[in-house]
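Peer 1: Below you'll find input.txt; it's compact mmCIF, N, CA and C atoms.
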```txt
# COMPACT_ATOMS: atom_id res chain seq x y z
N PHE A 6 -29.30 5.33 -168.94
CA PHE A 6 -30.40 5.59 -168.04
C PHE A 6 -30.06 5.24 -166.59
N GLY A 7 -28.92 4.65 -166.38
CA GLY A 7 -28.53 4.32 -165.03
C GLY A 7 -29.04 2.99 -164.54
N LEU A 8 -29.43 2.10 -165.44
CA LEU A 8 -29.90 0.77 -165.06
C LEU A 8 -28.80 -0.26 -165.33
N SER A 9 -28.75 -1.28 -164.50
CA SER A 9 -27.82 -2.38 -164.72
C SER A 9 -28.45 -3.36 -165.70
N VAL A 10 -27.73 -3.66 -166.77
CA VAL A 10 -28.24 -4.57 -167.79
C VAL A 10 -27.23 -5.68 -168.07
N GLY A 11 -27.72 -6.74 -168.66
CA GLY A 11 -26.87 -7.83 -169.13
C GLY A 11 -27.23 -8.14 -170.57
N VAL A 12 -26.24 -8.57 -171.35
CA VAL A 12 -26.47 -8.96 -172.73
C VAL A 12 -26.00 -10.40 -172.87
N TYR A 13 -26.89 -11.26 -173.35
CA TYR A 13 -26.58 -12.67 -173.52
C TYR A 13 -26.56 -12.98 -175.02
N GLU A 14 -25.54 -13.70 -175.44
CA GLU A 14 -25.41 -14.05 -176.85
C GLU A 14 -25.75 -15.53 -177.06
N PHE A 15 -26.45 -15.80 -178.15
CA PHE A 15 -26.81 -17.16 -178.52
C PHE A 15 -26.47 -17.36 -179.98
N ARG A 16 -25.58 -18.29 -180.25
CA ARG A 16 -25.21 -18.61 -181.63
C ARG A 16 -25.91 -19.90 -182.03
N SER A 17 -26.49 -19.90 -183.21
CA SER A 17 -27.22 -21.07 -183.71
C SER A 17 -26.25 -22.02 -184.41
N THR A 18 -26.63 -23.29 -184.44
CA THR A 18 -25.83 -24.33 -185.07
C THR A 18 -26.19 -24.42 -186.55
N PRO A 19 -25.18 -24.38 -187.43
CA PRO A 19 -25.48 -24.51 -188.87
C PRO A 19 -26.03 -25.89 -189.20
N ASN A 20 -26.93 -25.95 -190.18
CA ASN A 20 -27.43 -27.23 -190.67
C ASN A 20 -26.34 -27.97 -191.44
N SER A 21 -25.60 -27.23 -192.26
CA SER A 21 -24.54 -27.84 -193.05
C SER A 21 -23.49 -26.77 -193.30
N LEU A 22 -22.25 -27.17 -193.31
CA LEU A 22 -21.18 -26.20 -193.56
C LEU A 22 -20.84 -26.08 -195.04
N HIS A 23 -21.49 -26.89 -195.88
CA HIS A 23 -21.13 -26.95 -197.30
C HIS A 23 -22.21 -26.36 -198.21
N THR A 24 -22.82 -25.26 -197.79
CA THR A 24 -23.81 -24.61 -198.64
C THR A 24 -23.40 -23.16 -198.86
N GLN A 25 -23.83 -22.60 -199.99
CA GLN A 25 -23.50 -21.20 -200.27
C GLN A 25 -24.18 -20.26 -199.28
N LYS A 26 -25.44 -20.50 -199.05
CA LYS A 26 -26.18 -19.68 -198.08
C LYS A 26 -26.51 -20.57 -196.88
N PRO A 27 -25.78 -20.39 -195.77
CA PRO A 27 -25.99 -21.30 -194.64
C PRO A 27 -27.38 -21.13 -194.01
N THR A 28 -27.91 -22.24 -193.55
CA THR A 28 -29.15 -22.25 -192.78
C THR A 28 -28.81 -22.78 -191.40
N TYR A 29 -29.69 -22.52 -190.44
CA TYR A 29 -29.38 -22.85 -189.06
C TYR A 29 -30.51 -23.66 -188.43
N LYS A 30 -30.11 -24.49 -187.47
CA LYS A 30 -31.08 -25.28 -186.70
C LYS A 30 -31.78 -24.35 -185.72
N PRO A 31 -33.02 -24.70 -185.31
CA PRO A 31 -33.70 -23.90 -184.30
C PRO A 31 -32.84 -23.76 -183.04
N ASN A 32 -32.80 -22.57 -182.50
CA ASN A 32 -31.95 -22.30 -181.34
C ASN A 32 -32.68 -22.68 -180.05
N ILE A 33 -32.58 -23.97 -179.72
CA ILE A 33 -33.24 -24.52 -178.52
C ILE A 33 -32.65 -23.90 -177.26
N GLU A 34 -31.35 -23.64 -177.26
CA GLU A 34 -30.69 -23.06 -176.08
C GLU A 34 -31.32 -21.71 -175.73
N LEU A 35 -31.58 -20.89 -176.73
CA LEU A 35 -32.20 -19.58 -176.51
C LEU A 35 -33.58 -19.76 -175.88
N VAL A 36 -34.40 -20.63 -176.45
CA VAL A 36 -35.77 -20.84 -175.96
C VAL A 36 -35.73 -21.37 -174.52
N GLN A 37 -34.84 -22.31 -174.24
CA GLN A 37 -34.74 -22.87 -172.88
C GLN A 37 -34.26 -21.81 -171.89
N TRP A 38 -33.33 -20.95 -172.30
CA TRP A 38 -32.83 -19.90 -171.42
C TRP A 38 -33.97 -18.93 -171.06
N VAL A 39 -34.76 -18.56 -172.06
CA VAL A 39 -35.88 -17.65 -171.81
C VAL A 39 -36.91 -18.32 -170.92
N PHE A 40 -37.19 -19.60 -171.15
CA PHE A 40 -38.13 -20.34 -170.31
C PHE A 40 -37.64 -20.32 -168.85
N ASN A 41 -36.37 -20.59 -168.64
CA ASN A 41 -35.81 -20.58 -167.29
C ASN A 41 -35.90 -19.20 -166.65
N TYR A 42 -35.67 -18.16 -167.43
CA TYR A 42 -35.76 -16.78 -166.93
C TYR A 42 -37.16 -16.49 -166.40
N PHE A 43 -38.18 -16.82 -167.20
CA PHE A 43 -39.55 -16.51 -166.79
C PHE A 43 -40.10 -17.51 -165.78
N SER A 44 -39.45 -18.65 -165.62
CA SER A 44 -39.89 -19.64 -164.64
C SER A 44 -39.28 -19.40 -163.26
N CYS A 45 -38.41 -18.41 -163.16
CA CYS A 45 -37.74 -18.08 -161.89
C CYS A 45 -38.79 -17.78 -160.83
N LYS A 46 -38.68 -18.45 -159.69
CA LYS A 46 -39.66 -18.28 -158.61
C LYS A 46 -39.01 -17.64 -157.39
N SER A 47 -38.31 -16.55 -157.58
CA SER A 47 -37.64 -15.87 -156.49
C SER A 47 -38.67 -15.21 -155.57
N THR A 48 -38.48 -15.33 -154.28
CA THR A 48 -39.44 -14.77 -153.32
C THR A 48 -39.37 -13.25 -153.28
N ASP A 49 -38.24 -12.66 -153.69
CA ASP A 49 -38.13 -11.20 -153.63
C ASP A 49 -38.40 -10.53 -154.97
N THR A 50 -38.85 -11.28 -155.96
CA THR A 50 -39.15 -10.71 -157.28
C THR A 50 -40.65 -10.51 -157.44
N PHE A 51 -41.06 -9.24 -157.45
CA PHE A 51 -42.47 -8.94 -157.66
C PHE A 51 -42.75 -8.66 -159.13
N PHE A 52 -41.74 -8.21 -159.82
CA PHE A 52 -41.90 -7.87 -161.23
C PHE A 52 -40.69 -8.40 -161.98
N LEU A 53 -40.95 -9.12 -163.03
CA LEU A 53 -39.88 -9.65 -163.87
C LEU A 53 -39.90 -8.87 -165.18
N PRO A 54 -38.88 -8.06 -165.43
CA PRO A 54 -38.89 -7.23 -166.64
C PRO A 54 -38.92 -8.08 -167.91
N PRO A 55 -39.47 -7.53 -168.98
CA PRO A 55 -39.42 -8.25 -170.26
C PRO A 55 -37.98 -8.34 -170.73
N LEU A 56 -37.77 -9.18 -171.71
CA LEU A 56 -36.46 -9.34 -172.33
C LEU A 56 -36.49 -8.69 -173.70
N TYR A 57 -35.36 -8.21 -174.14
CA TYR A 57 -35.27 -7.55 -175.44
C TYR A 57 -34.42 -8.43 -176.35
N LEU A 58 -35.04 -8.97 -177.39
CA LEU A 58 -34.40 -9.89 -178.31
C LEU A 58 -33.94 -9.13 -179.55
N GLN A 59 -32.67 -9.30 -179.92
CA GLN A 59 -32.12 -8.63 -181.09
C GLN A 59 -31.49 -9.65 -182.02
N HIS A 60 -31.65 -9.41 -183.31
CA HIS A 60 -30.98 -10.21 -184.33
C HIS A 60 -31.05 -9.50 -185.66
N SER A 61 -29.99 -9.56 -186.40
CA SER A 61 -29.93 -9.05 -187.78
C SER A 61 -30.70 -7.75 -187.99
N GLY A 62 -30.48 -6.77 -187.14
CA GLY A 62 -31.12 -5.48 -187.33
C GLY A 62 -32.58 -5.40 -186.94
N HIS A 63 -33.07 -6.38 -186.20
CA HIS A 63 -34.47 -6.40 -185.79
C HIS A 63 -34.54 -6.64 -184.29
N SER A 64 -35.42 -5.93 -183.60
CA SER A 64 -35.60 -6.10 -182.16
C SER A 64 -37.05 -6.43 -181.85
N ARG A 65 -37.22 -7.32 -180.89
CA ARG A 65 -38.56 -7.68 -180.42
C ARG A 65 -38.52 -7.76 -178.90
N THR A 66 -39.68 -7.69 -178.27
CA THR A 66 -39.78 -7.73 -176.82
C THR A 66 -40.43 -9.04 -176.39
N ILE A 67 -39.71 -9.81 -175.56
CA ILE A 67 -40.25 -11.07 -175.04
C ILE A 67 -40.94 -10.77 -173.72
N VAL A 68 -42.23 -11.08 -173.63
CA VAL A 68 -43.01 -10.75 -172.43
C VAL A 68 -43.38 -11.98 -171.61
N GLY A 69 -43.08 -13.18 -172.10
CA GLY A 69 -43.40 -14.38 -171.34
C GLY A 69 -43.15 -15.63 -172.15
N VAL A 70 -43.53 -16.75 -171.57
CA VAL A 70 -43.40 -18.06 -172.22
C VAL A 70 -44.68 -18.85 -172.00
N GLN A 71 -44.86 -19.85 -172.82
CA GLN A 71 -46.02 -20.74 -172.67
C GLN A 71 -45.54 -22.15 -172.97
N GLN A 72 -45.86 -23.07 -172.06
CA GLN A 72 -45.48 -24.46 -172.28
C GLN A 72 -46.73 -25.28 -172.53
N ALA A 73 -46.74 -25.97 -173.67
CA ALA A 73 -47.89 -26.80 -174.05
C ALA A 73 -47.88 -28.09 -173.23
N LEU A 74 -48.98 -28.80 -173.26
CA LEU A 74 -49.08 -30.06 -172.53
C LEU A 74 -48.04 -31.07 -172.99
N ASP A 75 -47.62 -30.99 -174.26
CA ASP A 75 -46.60 -31.92 -174.77
C ASP A 75 -45.18 -31.49 -174.41
N GLY A 76 -45.05 -30.37 -173.67
CA GLY A 76 -43.74 -29.90 -173.24
C GLY A 76 -43.10 -28.87 -174.15
N ASN A 77 -43.64 -28.68 -175.35
CA ASN A 77 -43.07 -27.68 -176.26
C ASN A 77 -43.23 -26.28 -175.68
N ILE A 78 -42.19 -25.50 -175.84
CA ILE A 78 -42.15 -24.14 -175.28
C ILE A 78 -42.29 -23.13 -176.40
N SER A 79 -43.12 -22.13 -176.17
CA SER A 79 -43.24 -21.00 -177.09
C SER A 79 -42.91 -19.73 -176.34
N LEU A 80 -42.26 -18.81 -177.03
CA LEU A 80 -42.00 -17.49 -176.46
C LEU A 80 -43.15 -16.58 -176.86
N LEU A 81 -43.55 -15.72 -175.93
CA LEU A 81 -44.59 -14.73 -176.21
C LEU A 81 -43.88 -13.40 -176.42
N LEU A 82 -43.98 -12.87 -177.65
CA LEU A 82 -43.26 -11.65 -177.89
C LEU A 82 -44.02 -10.68 -178.77
N PHE A 83 -43.73 -9.41 -178.51
CA PHE A 83 -44.27 -8.33 -179.32
C PHE A 83 -43.26 -8.03 -180.42
N ASP A 84 -43.76 -7.99 -181.63
CA ASP A 84 -42.92 -7.74 -182.79
C ASP A 84 -43.45 -6.48 -183.47
N PRO A 85 -42.65 -5.41 -183.53
CA PRO A 85 -43.14 -4.18 -184.15
C PRO A 85 -43.45 -4.33 -185.64
N ALA A 86 -42.96 -5.41 -186.26
CA ALA A 86 -43.26 -5.64 -187.68
C ALA A 86 -44.64 -6.26 -187.87
N LYS A 87 -45.27 -6.72 -186.80
CA LYS A 87 -46.59 -7.35 -186.88
C LYS A 87 -47.68 -6.30 -186.78
N ASN A 88 -48.83 -6.64 -187.27
CA ASN A 88 -49.99 -5.75 -187.27
C ASN A 88 -50.62 -5.73 -185.87
N GLY A 89 -50.54 -4.60 -185.20
CA GLY A 89 -51.11 -4.45 -183.87
C GLY A 89 -52.63 -4.59 -183.86
N LYS A 90 -53.28 -4.18 -184.94
CA LYS A 90 -54.74 -4.31 -185.02
C LYS A 90 -55.15 -5.77 -185.02
N GLN A 91 -54.36 -6.63 -185.66
CA GLN A 91 -54.66 -8.07 -185.67
C GLN A 91 -54.57 -8.64 -184.27
N LEU A 92 -53.54 -8.26 -183.52
CA LEU A 92 -53.39 -8.73 -182.14
C LEU A 92 -54.57 -8.28 -181.29
N LEU A 93 -54.93 -7.02 -181.39
CA LEU A 93 -56.06 -6.50 -180.63
C LEU A 93 -57.34 -7.24 -180.99
N ASN A 94 -57.57 -7.47 -182.26
CA ASN A 94 -58.75 -8.21 -182.71
C ASN A 94 -58.75 -9.63 -182.14
N ASP A 95 -57.59 -10.29 -182.18
CA ASP A 95 -57.50 -11.66 -181.66
C ASP A 95 -57.81 -11.71 -180.16
N VAL A 96 -57.31 -10.76 -179.42
CA VAL A 96 -57.52 -10.75 -177.96
C VAL A 96 -58.97 -10.41 -177.62
N ILE A 97 -59.54 -9.43 -178.29
CA ILE A 97 -60.89 -8.98 -177.95
C ILE A 97 -61.97 -9.90 -178.52
N HIS A 98 -61.88 -10.23 -179.79
CA HIS A 98 -62.96 -10.93 -180.46
C HIS A 98 -62.80 -12.45 -180.53
N ASN A 99 -61.61 -12.94 -180.32
CA ASN A 99 -61.38 -14.38 -180.44
C ASN A 99 -61.04 -15.03 -179.11
N LYS A 100 -61.70 -14.58 -178.05
CA LYS A 100 -61.56 -15.18 -176.72
C LYS A 100 -60.11 -15.27 -176.27
N ASN A 101 -59.45 -14.13 -176.23
CA ASN A 101 -58.07 -14.03 -175.74
C ASN A 101 -57.08 -14.89 -176.52
N ASN A 102 -57.27 -15.02 -177.80
CA ASN A 102 -56.34 -15.75 -178.66
C ASN A 102 -55.02 -14.97 -178.73
N ILE A 103 -53.94 -15.59 -178.29
CA ILE A 103 -52.64 -14.92 -178.33
C ILE A 103 -51.70 -15.57 -179.34
N SER A 104 -52.25 -16.25 -180.31
CA SER A 104 -51.40 -16.96 -181.28
C SER A 104 -50.47 -16.02 -182.04
N THR A 105 -50.85 -14.75 -182.20
CA THR A 105 -49.97 -13.82 -182.91
C THR A 105 -48.75 -13.44 -182.07
N LEU A 106 -48.77 -13.75 -180.78
CA LEU A 106 -47.63 -13.49 -179.90
C LEU A 106 -46.73 -14.71 -179.75
N ARG A 107 -47.21 -15.87 -180.12
CA ARG A 107 -46.56 -17.15 -179.81
C ARG A 107 -45.56 -17.55 -180.90
N TYR A 108 -44.31 -17.81 -180.48
CA TYR A 108 -43.24 -18.22 -181.39
C TYR A 108 -42.54 -19.46 -180.83
N SER A 109 -42.58 -20.55 -181.57
CA SER A 109 -41.91 -21.78 -181.13
C SER A 109 -40.43 -21.71 -181.51
N ALA A 110 -39.67 -22.70 -181.06
CA ALA A 110 -38.24 -22.75 -181.35
C ALA A 110 -37.95 -22.73 -182.85
N SER A 111 -38.86 -23.27 -183.65
CA SER A 111 -38.64 -23.34 -185.10
C SER A 111 -38.54 -21.96 -185.75
N HIS A 112 -38.95 -20.90 -185.05
CA HIS A 112 -38.84 -19.54 -185.58
C HIS A 112 -37.46 -18.94 -185.39
N PHE A 113 -36.65 -19.52 -184.51
CA PHE A 113 -35.37 -18.92 -184.14
C PHE A 113 -34.23 -19.62 -184.87
N VAL A 114 -34.08 -19.30 -186.16
CA VAL A 114 -33.11 -19.96 -187.03
C VAL A 114 -32.13 -18.97 -187.68
N LYS A 115 -31.96 -17.83 -187.07
CA LYS A 115 -30.94 -16.88 -187.54
C LYS A 115 -29.58 -17.32 -187.00
N LYS A 116 -28.52 -16.75 -187.55
CA LYS A 116 -27.16 -17.13 -187.16
C LYS A 116 -26.89 -16.85 -185.68
N GLU A 117 -27.31 -15.68 -185.19
CA GLU A 117 -27.07 -15.35 -183.79
C GLU A 117 -28.14 -14.39 -183.27
N TYR A 118 -28.27 -14.42 -181.96
CA TYR A 118 -29.24 -13.58 -181.26
C TYR A 118 -28.57 -12.98 -180.04
N GLN A 119 -29.10 -11.85 -179.60
CA GLN A 119 -28.70 -11.27 -178.33
C GLN A 119 -29.97 -10.98 -177.54
N ILE A 120 -29.88 -11.22 -176.25
CA ILE A 120 -30.98 -10.87 -175.35
C ILE A 120 -30.44 -9.86 -174.35
N VAL A 121 -31.15 -8.76 -174.20
CA VAL A 121 -30.81 -7.74 -173.22
C VAL A 121 -31.77 -7.87 -172.06
N THR A 122 -31.21 -7.92 -170.85
CA THR A 122 -32.02 -8.01 -169.64
C THR A 122 -31.76 -6.80 -168.75
N VAL A 123 -32.78 -6.37 -168.04
CA VAL A 123 -32.60 -5.38 -166.98
C VAL A 123 -32.34 -6.20 -165.72
N LYS A 124 -31.16 -6.04 -165.13
CA LYS A 124 -30.75 -6.89 -164.02
C LYS A 124 -31.27 -6.41 -162.67
N SER A 125 -31.58 -5.14 -162.56
CA SER A 125 -32.07 -4.61 -161.28
C SER A 125 -32.90 -3.37 -161.57
N SER A 126 -33.93 -3.18 -160.77
CA SER A 126 -34.77 -1.99 -160.94
C SER A 126 -34.17 -0.79 -160.21
N LYS A 127 -33.12 -1.01 -159.44
CA LYS A 127 -32.47 0.09 -158.72
C LYS A 127 -31.53 0.83 -159.66
N LEU A 128 -31.56 2.16 -159.57
CA LEU A 128 -30.68 2.97 -160.39
C LEU A 128 -29.24 2.86 -159.88
N LEU A 129 -28.30 2.91 -160.81
CA LEU A 129 -26.90 2.85 -160.45
C LEU A 129 -26.44 4.17 -159.84
N SER A 130 -25.50 4.09 -158.91
CA SER A 130 -24.87 5.30 -158.39
C SER A 130 -23.99 5.88 -159.49
N SER A 131 -23.50 7.08 -159.31
CA SER A 131 -22.65 7.70 -160.34
C SER A 131 -21.36 6.89 -160.54
N THR A 132 -20.81 6.33 -159.47
CA THR A 132 -19.61 5.50 -159.57
C THR A 132 -19.91 4.22 -160.35
N GLN A 133 -21.03 3.58 -160.02
CA GLN A 133 -21.43 2.36 -160.72
C GLN A 133 -21.72 2.65 -162.20
N ARG A 134 -22.32 3.79 -162.45
CA ARG A 134 -22.66 4.17 -163.82
C ARG A 134 -21.39 4.35 -164.67
N GLU A 135 -20.37 4.99 -164.10
CA GLU A 135 -19.11 5.15 -164.81
C GLU A 135 -18.46 3.79 -165.06
N ALA A 136 -18.47 2.92 -164.06
CA ALA A 136 -17.88 1.58 -164.20
C ALA A 136 -18.62 0.75 -165.24
N SER A 137 -19.92 1.00 -165.40
CA SER A 137 -20.73 0.21 -166.33
C SER A 137 -20.42 0.54 -167.79
N LYS A 138 -19.66 1.58 -168.03
CA LYS A 138 -19.31 1.95 -169.40
C LYS A 138 -18.25 1.02 -169.98
N ILE A 139 -17.65 0.22 -169.13
CA ILE A 139 -16.66 -0.76 -169.57
C ILE A 139 -17.37 -2.10 -169.69
N VAL A 140 -17.35 -2.67 -170.89
CA VAL A 140 -18.04 -3.94 -171.15
C VAL A 140 -17.09 -5.08 -170.82
N LYS A 141 -17.58 -6.05 -170.05
CA LYS A 141 -16.78 -7.19 -169.63
C LYS A 141 -17.45 -8.48 -170.06
N ARG A 142 -16.65 -9.41 -170.60
CA ARG A 142 -17.17 -10.73 -170.95
C ARG A 142 -17.03 -11.62 -169.73
N GLU A 143 -18.12 -12.31 -169.41
CA GLU A 143 -18.13 -13.23 -168.28
C GLU A 143 -18.61 -14.59 -168.73
N GLU A 144 -18.67 -15.52 -167.80
CA GLU A 144 -19.17 -16.86 -168.10
C GLU A 144 -20.62 -16.81 -168.58
N ASN A 145 -21.07 -17.90 -169.19
CA ASN A 145 -22.45 -18.05 -169.65
C ASN A 145 -22.85 -17.03 -170.71
N ASN A 146 -21.88 -16.62 -171.56
CA ASN A 146 -22.17 -15.72 -172.68
C ASN A 146 -22.69 -14.35 -172.25
N LEU A 147 -22.39 -13.94 -171.03
CA LEU A 147 -22.90 -12.66 -170.55
C LEU A 147 -21.92 -11.56 -170.84
N ILE A 148 -22.42 -10.49 -171.41
CA ILE A 148 -21.66 -9.26 -171.53
C ILE A 148 -22.33 -8.31 -170.56
N GLN A 149 -21.61 -7.92 -169.54
CA GLN A 149 -22.24 -7.16 -168.46
C GLN A 149 -21.80 -5.71 -168.52
N ASN A 150 -22.77 -4.82 -168.28
CA ASN A 150 -22.41 -3.41 -168.10
C ASN A 150 -23.31 -2.79 -167.08
```
Take the structure in this file and express it as structure tokens.

Peer 2:
Amino acid sequence: FGLSVGVYEFRSTPNSLHTQKPTYKPNIELVQWVFNYFSCKSTDTFFLPPLYLQHSGHSRTIVGVQQALDGNISLLLFDPAKNGKQLLNDVIHNKNNISTLRYSASHFVKKEYQIVTVKSSKLLSSTQREASKIVKREENNLIQN
């Protein structure tokens, strides 16, 4: 589409290496990274695009974060596997209840995740678009194109 994007990888820490079916600790790094993204207070940013979360064949859209008084962070995300009618009912009839959008760190226990970001709202030139077809690994787990 001619947009500049970034892909960030997050690998979860195994609970134990000596099990047949490994389980993973909540991915705090992922939650903190998303919190920092949405907490960005840039003076030239009028619109902060949502993030696209991918894992194990499933994609969801992260639209924001919420920090509780105790400091715990939840990600606000749309999940196509969830019932949209329930969300609508919660928002309309339950005084803007967004609990169906709220996911704490304890939900992020898959082996790995990727987050796709739109880095700029400006379209790439044809030269930039051709160059973006080459994927480059950079610092901070970024795969840039």

Peer 1: Pick the closest to A:Gly69 from A:Val10, A:Leu93, A:Ala136, A:Val39: which is it, counting all atoms listed in the file?

Peer 2: A:Val39

Peer 1: Do a neighbour search on A:Phe83 at 10 Å with only C-alpha atoms, toss out local chain neighbours closer than 5 positions, and write the hits as number ranges by chain.

Peer 2: A: 57, 64-68, 89, 92, 105-107

Peer 1: Go through A:Asn41, A:Glu117, A:Gly62, A:Leu128 and flag the residue nearest A:Arg16, using all atoms listed in the file for the distances.

Peer 2: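 Going through A:Asn41, A:Glu117, A:Gly62, A:Leu128 one by one, the smallest distance to A:Arg16 is for A:Glu117.
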
Peer 1: Near A:Ile120, within 6.5 Å and counting only N, CA and C atoms, which residues show up once chain neighbours fewer than 6 positions away are dropped, as a VMD selection string?

Peer 2: chain A and resid 11 to 15 56 to 59

Peer 1: From the set A:Ile97, A:Val114, A:Ile78, A:Val36, which residue has the shortest atom-to-atom contact distance to A:Thr18, counting only C-alpha atoms?

Peer 2: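 Closest candidate: A:Val114.
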
Peer 1: Between A:Tyr108, A:Pro54, A:Gly7, A:Lys138, which has the minimum distance to A:Val123 (counting only N, CA and C atoms)?

Peer 2: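 So, comparing all the options, the nearest one is A:Pro54.
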
Peer 1: Grab the atom C of A:Lys124 to atom N of A:Leu8 distance for me, in Å with one decimal place.

Peer 2: 9.1 Å

Peer 1: Can you measure atom C of A:Pro31 to atom CA of A:Ala110 for me? One decimal in Å is fine.

Peer 2: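 Distance between the two atoms: 5.7 Å.
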
Peer 1: Could you tell me how far atom CA of A:Ser109 sits from atom CA of A:Ala73, in Å to one decimal place?

Peer 2: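 Calculated distance between atom CA of A:Ala73 and atom CA of A:Ser109 is 10.5 Å.
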
Peer 1: When DSSP works through the backbone of this structure, what residues of chain A end up as strand (DSSP E), shown as a PyMOL selection string?

Peer 2: chain A and resi 10-16+56-60+63-72+78-83+107-109+117-123+141-142+147-149

Peer 1: With distances taken over all atoms listed in the file, which of A:Gln25, A:Ser126, A:Asn88, A:Ser44 is nearest to A:Ser9?

Peer 2: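 Distance minimum relative to A:Ser9 lands on A:Ser126.
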
Peer 1: Please, which residues are within 6.5 Å of (-32.4, -22.5, -186.7) by the file's coordinates, counting only N, CA and C atoms, and could they come as a ChimeraX atom specification?

Peer 2: /A:17-18,28-32,111-115
